[in-house]
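Raw target_4.csv, CSV, C-alpha atoms:
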```csv
chain,number,residue,atom,x,y,z
A,1,MET,CA,150.2,-112.6,-49.5
A,2,ASP,CA,152.1,-115.1,-51.4
A,3,ILE,CA,149.6,-117.9,-51.9
A,4,LEU,CA,152.1,-120.3,-53.6
A,5,ASN,CA,154.6,-119.8,-50.8
A,6,ASN,CA,151.9,-120.7,-48.2
A,7,ILE,CA,150.9,-123.7,-50.2
A,8,ARG,CA,154.5,-124.8,-50.5
A,9,TYR,CA,155.0,-124.3,-46.8
A,10,GLY,CA,152.0,-126.4,-46.0
A,11,VAL,CA,153.0,-129.2,-48.4
A,12,GLU,CA,156.5,-129.4,-47.0
A,13,LEU,CA,155.2,-129.3,-43.4
A,14,GLU,CA,152.8,-132.2,-44.1
A,15,ARG,CA,155.5,-134.2,-45.8
A,16,SER,CA,157.9,-133.5,-42.8
A,17,GLN,CA,155.4,-135.0,-40.4
A,18,MET,CA,155.3,-138.3,-42.2
A,19,PRO,CA,157.5,-141.0,-40.6
A,20,ASP,CA,161.0,-141.0,-42.1
A,21,ASN,CA,161.2,-144.8,-42.3
A,22,GLY,CA,163.0,-145.1,-45.6
A,23,LEU,CA,159.9,-146.6,-47.4
A,24,ASN,CA,159.4,-143.5,-49.5
A,25,GLU,CA,155.7,-143.5,-48.9
A,26,SER,CA,153.6,-141.1,-51.0
A,27,PRO,CA,152.1,-138.1,-49.1
A,28,GLY,CA,149.0,-138.4,-51.2
A,29,LEU,CA,147.8,-137.3,-54.6
A,30,LEU,CA,146.7,-133.8,-53.5
A,31,ASN,CA,150.0,-133.1,-51.7
A,32,SER,CA,151.9,-134.2,-54.8
A,33,ILE,CA,149.8,-132.0,-57.1
A,34,LEU,CA,150.1,-129.0,-54.8
A,35,GLY,CA,153.8,-129.6,-54.3
A,36,GLY,CA,154.4,-129.7,-58.0
A,37,ILE,CA,152.5,-126.4,-58.5
A,38,SER,CA,154.1,-124.6,-55.5
A,39,GLY,CA,157.7,-125.8,-56.0
A,40,ALA,CA,158.0,-127.8,-52.8
A,41,THR,CA,161.5,-129.4,-52.4
A,42,GLU,CA,163.0,-132.2,-50.3
A,43,GLU,CA,165.4,-129.7,-48.8
A,44,GLY,CA,162.5,-127.7,-47.5
A,45,VAL,CA,161.0,-130.9,-46.1
A,46,GLN,CA,164.3,-131.7,-44.3
A,47,ARG,CA,164.6,-128.2,-42.8
A,48,LYS,CA,161.1,-128.4,-41.4
A,49,ARG,CA,161.8,-132.0,-40.1
A,50,THR,CA,164.9,-130.7,-38.4
A,51,ALA,CA,163.1,-127.7,-36.9
A,52,GLN,CA,160.4,-130.0,-35.5
A,53,LYS,CA,162.9,-132.4,-34.0
A,54,SER,CA,164.8,-129.5,-32.5
A,55,ALA,CA,161.6,-128.2,-30.9
A,56,ILE,CA,160.8,-131.6,-29.5
A,57,ASP,CA,164.4,-131.9,-28.1
A,58,LYS,CA,164.2,-128.4,-26.7
A,59,ALA,CA,161.0,-129.3,-24.9
A,60,LYS,CA,162.6,-132.4,-23.5
A,61,HIS,CA,166.1,-131.1,-22.7
A,62,GLY,CA,165.9,-127.3,-22.9
A,63,GLY,CA,165.5,-126.8,-19.1
A,64,ASN,CA,168.4,-129.0,-18.2
A,65,TYR,CA,170.6,-127.5,-21.0
A,66,THR,CA,170.0,-123.9,-19.7
A,67,ALA,CA,170.5,-124.9,-16.1
A,68,ALA,CA,173.8,-126.7,-16.8
A,69,THR,CA,175.3,-124.3,-19.4
A,70,GLY,CA,173.7,-121.0,-18.6
A,71,LYS,CA,172.9,-120.7,-22.3
A,72,GLU,CA,169.6,-120.7,-24.3
A,73,TRP,CA,168.7,-123.5,-26.6
A,74,GLY,CA,170.2,-122.7,-30.1
A,75,LYS,CA,168.3,-122.7,-33.3
A,76,GLY,CA,168.6,-126.1,-35.0
A,77,MET,CA,170.3,-127.6,-32.0
A,78,THR,CA,169.9,-131.4,-31.6
A,79,ALA,CA,169.5,-133.5,-28.5
A,80,GLY,CA,173.0,-135.0,-29.0
A,81,GLN,CA,174.6,-131.5,-29.1
A,82,ALA,CA,172.8,-130.4,-26.0
A,83,LEU,CA,173.6,-133.6,-24.1
A,84,ASN,CA,177.3,-133.2,-25.0
A,85,GLU,CA,177.4,-129.7,-23.7
A,86,ILE,CA,175.5,-130.6,-20.5
A,87,GLU,CA,178.0,-133.4,-19.9
A,88,GLU,CA,181.0,-131.1,-20.5
A,89,ALA,CA,179.5,-128.4,-18.2
A,90,ASN,CA,178.9,-131.0,-15.4
A,91,TYR,CA,182.4,-132.3,-15.9
A,92,ASN,CA,183.9,-128.8,-15.6
A,93,ARG,CA,181.9,-128.2,-12.4
A,94,GLY,CA,183.1,-131.4,-11.0
A,95,ASN,CA,186.7,-130.4,-11.7
A,96,ASP,CA,186.1,-127.1,-10.1
A,97,ARG,CA,184.8,-128.7,-6.9
A,98,PHE,CA,187.7,-131.2,-6.9
A,99,ASP,CA,190.3,-128.4,-7.4
A,100,ASN,CA,188.9,-126.5,-4.4
A,101,SER,CA,188.8,-129.6,-2.2
A,102,PRO,CA,191.7,-130.6,0.1
A,103,GLN,CA,192.5,-133.5,-2.1
A,104,GLY,CA,192.4,-131.3,-5.2
A,105,LYS,CA,194.7,-128.8,-3.6
A,106,ALA,CA,197.1,-131.5,-2.5
A,107,PHE,CA,197.1,-133.0,-6.0
A,108,LYS,CA,197.7,-129.6,-7.5
A,109,ALA,CA,200.7,-129.0,-5.1
A,110,SER,CA,202.1,-132.4,-5.9
A,111,GLN,CA,201.7,-131.7,-9.7
A,112,LYS,CA,203.5,-128.4,-9.3
A,113,LYS,CA,206.3,-130.1,-7.4
A,114,SER,CA,206.6,-132.7,-10.2
A,115,ASP,CA,206.5,-130.0,-12.9
A,116,ASP,CA,209.2,-128.0,-11.0
A,117,ALA,CA,211.4,-131.1,-10.7
A,118,HIS,CA,210.9,-131.9,-14.4
A,119,SER,CA,211.8,-128.3,-15.3
A,120,LEU,CA,214.9,-128.4,-13.2
A,121,ALA,CA,215.9,-131.7,-14.8
A,122,GLN,CA,215.3,-130.2,-18.2
A,123,GLN,CA,217.4,-127.2,-17.3
A,124,GLY,CA,220.2,-129.4,-16.0
A,125,LEU,CA,220.1,-131.5,-19.2
A,126,THR,CA,220.2,-128.3,-21.3
A,127,ALA,CA,223.2,-127.1,-19.3
A,128,GLN,CA,225.0,-130.4,-19.8
A,129,ILE,CA,224.4,-130.3,-23.5
A,130,GLN,CA,225.6,-126.7,-23.7
A,131,ASN,CA,228.7,-127.6,-21.6
A,132,SER,CA,229.4,-130.6,-23.9
A,133,HIS,CA,229.1,-128.3,-26.9
A,134,ASN,CA,231.5,-125.8,-25.2
A,135,GLN,CA,234.0,-128.5,-24.5
A,136,MET,CA,233.8,-129.8,-28.1
A,137,GLU,CA,234.4,-126.2,-29.4
A,138,LEU,CA,237.4,-125.8,-27.1
A,139,ALA,CA,238.8,-129.1,-28.2
A,140,ARG,CA,238.3,-128.1,-31.8
A,141,MET,CA,240.1,-124.8,-31.3
A,142,GLU,CA,242.9,-126.5,-29.4
A,143,SER,CA,243.2,-129.1,-32.2
A,144,ALA,CA,243.3,-126.3,-34.8
A,145,LYS,CA,246.0,-124.5,-32.7
A,146,ASN,CA,248.0,-127.7,-32.5
A,147,ASP,CA,247.7,-128.2,-36.2
A,148,LYS,CA,249.0,-124.7,-36.9
A,149,ARG,CA,251.9,-125.3,-34.5
A,150,TYR,CA,252.6,-128.7,-36.3
A,151,TYR,CA,252.6,-127.1,-39.7
A,152,ALA,CA,254.7,-124.2,-38.4
A,153,ASP,CA,257.2,-126.6,-37.0
A,154,ARG,CA,257.4,-128.5,-40.3
A,155,ILE,CA,258.0,-125.3,-42.1
A,156,ASP,CA,260.7,-124.3,-39.7
A,157,ALA,CA,262.3,-127.8,-40.1
A,158,ARG,CA,262.2,-127.5,-43.9
A,159,GLU,CA,263.8,-124.1,-43.7
A,160,ALA,CA,266.5,-125.3,-41.3
A,161,ARG,CA,267.2,-128.2,-43.6
A,162,ALA,CA,267.4,-126.0,-46.6
A,163,ASP,CA,269.8,-123.6,-44.7
A,164,ASP,CA,272.0,-126.6,-43.7
A,165,LEU,CA,272.1,-127.9,-47.3
A,166,MET,CA,273.0,-124.4,-48.6
A,167,PHE,CA,275.8,-124.2,-46.0
A,168,ARG,CA,277.1,-127.6,-47.0
A,169,ARG,CA,277.1,-126.7,-50.7
A,170,GLU,CA,278.9,-123.4,-50.0
A,171,SER,CA,281.4,-125.2,-47.9
A,172,MET,CA,282.1,-127.8,-50.6
A,173,GLU,CA,282.4,-125.1,-53.2
A,174,ARG,CA,284.9,-123.3,-51.0
A,175,ALA,CA,286.8,-126.5,-50.5
A,176,ASP,CA,286.8,-127.2,-54.2
A,177,ARG,CA,288.1,-123.7,-55.0
A,178,LYS,CA,290.9,-124.2,-52.4
A,179,ASP,CA,291.8,-127.6,-53.8
A,180,GLU,CA,291.9,-126.1,-57.3
A,181,LYS,CA,294.1,-123.3,-56.1
A,182,ASN,CA,296.5,-125.7,-54.4
A,183,ARG,CA,296.6,-127.9,-57.5
A,184,ARG,CA,297.4,-125.0,-59.7
A,185,ARG,CA,300.1,-123.8,-57.3
A,186,GLU,CA,301.6,-127.3,-57.3
A,187,SER,CA,301.5,-127.5,-61.1
A,188,ILE,CA,303.2,-124.1,-61.4
A,189,GLN,CA,305.9,-125.2,-58.9
A,190,ALA,CA,306.4,-128.4,-60.8
A,191,LEU,CA,306.7,-126.6,-64.0
A,192,VAL,CA,309.2,-124.1,-62.5
A,193,ALA,CA,311.3,-127.0,-61.1
A,194,GLY,CA,311.3,-128.7,-64.4
A,195,LEU,CA,312.4,-125.6,-66.2
A,196,SER,CA,315.2,-125.1,-63.7
A,197,SER,CA,316.4,-128.6,-64.1
A,198,LEU,CA,316.3,-128.3,-67.9
A,199,GLY,CA,318.3,-125.0,-67.7
A,200,ALA,CA,320.9,-126.6,-65.5
A,201,ALA,CA,321.3,-129.5,-67.9
A,202,PHE,CA,322.0,-127.1,-70.8
A,203,ALA,CA,324.5,-125.2,-68.7
A,204,VAL,CA,326.6,-128.3,-68.3
```

Please lay out the structure from this file as structure tokens.
Amino acid sequence: MDILNNIRYGVELERSQMPDNGLNESPGLLNSILGGISGATEEGVQRKRTAQKSAIDKAKHGGNYTAATGKEWGKGMTAGQALNEIEEANYNRGNDRFDNSPQGKAFKASQKKSDDAHSLAQQGLTAQIQNSHNQMELARMESAKNDKRYYADRIDAREARADDLMFRRESMERADRKDEKNRRRESIQALVAGLSSLGAAFAV
């Protein structure tokens, strides 16, 4: 048997039974001496105070707690915890009774109808958004196609203009060559006529 442990337990138990009024009253000289010898602590005192309060709460609310929740009183449970669970259990039972009543069934049917309508509206909105996205994509593709046609037409126009300019230049070059050939022929004819005139003049 651990005598010091028993002394410590007794010291802490005696201190836990003192009123916790914040006045820090002394448990007495003997308790203080024995507490110092056995190693009594404030934590031990608080644990015993909590256990005692839990036992009192269990005696007061334990029956109602078990009846309401179907569970046994837990170690260290407080009255506040028990009362919260009792209230929640009673609330749930009340909900179950309401759900099984005609009013509850009518409310549930109305709620389902509202949820279905909301779901249909959400689906319709999603479809509209998707349709809008599809239209935007088609418009983008059509715009890209038009841009390609536009640039292709511009390229064709530039090529046609280049071909026209090339044709004009070649035509002008042919005309220049023809004019040059005619001028040369006329110069030769003039030279021959001049020589003939000069020969006739010497012959006289």

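Across the model, the gap from atom CA of Gln46 of chain A to atom CA of Ile7 of chain A is 16.7 Å.
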
| task | Grab the atom CA of Ile3 of chain A to atom CA of Leu30 of chain A distance for me, in Å with one decimal place. | result |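 If I compute the distance from atom CA of Ile3 of chain A to atom CA of Leu30 of chain A, I get 16.2 Å.
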
| task | Work out how far apart atom CA of Glu72 of chain A and atom CA of Lys58 of chain A are and give it in Å to one decimal. | result |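 Pair atom CA of Glu72 of chain A / atom CA of Lys58 of chain A returns 9.7 Å.
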
| For Val45 of chain A, the nearest of the candidates A:Met77, A:Ala67, A:Met18, A:Ala109, counting all atoms listed in the file |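 So, comparing all the options, the nearest one is A:Met18.
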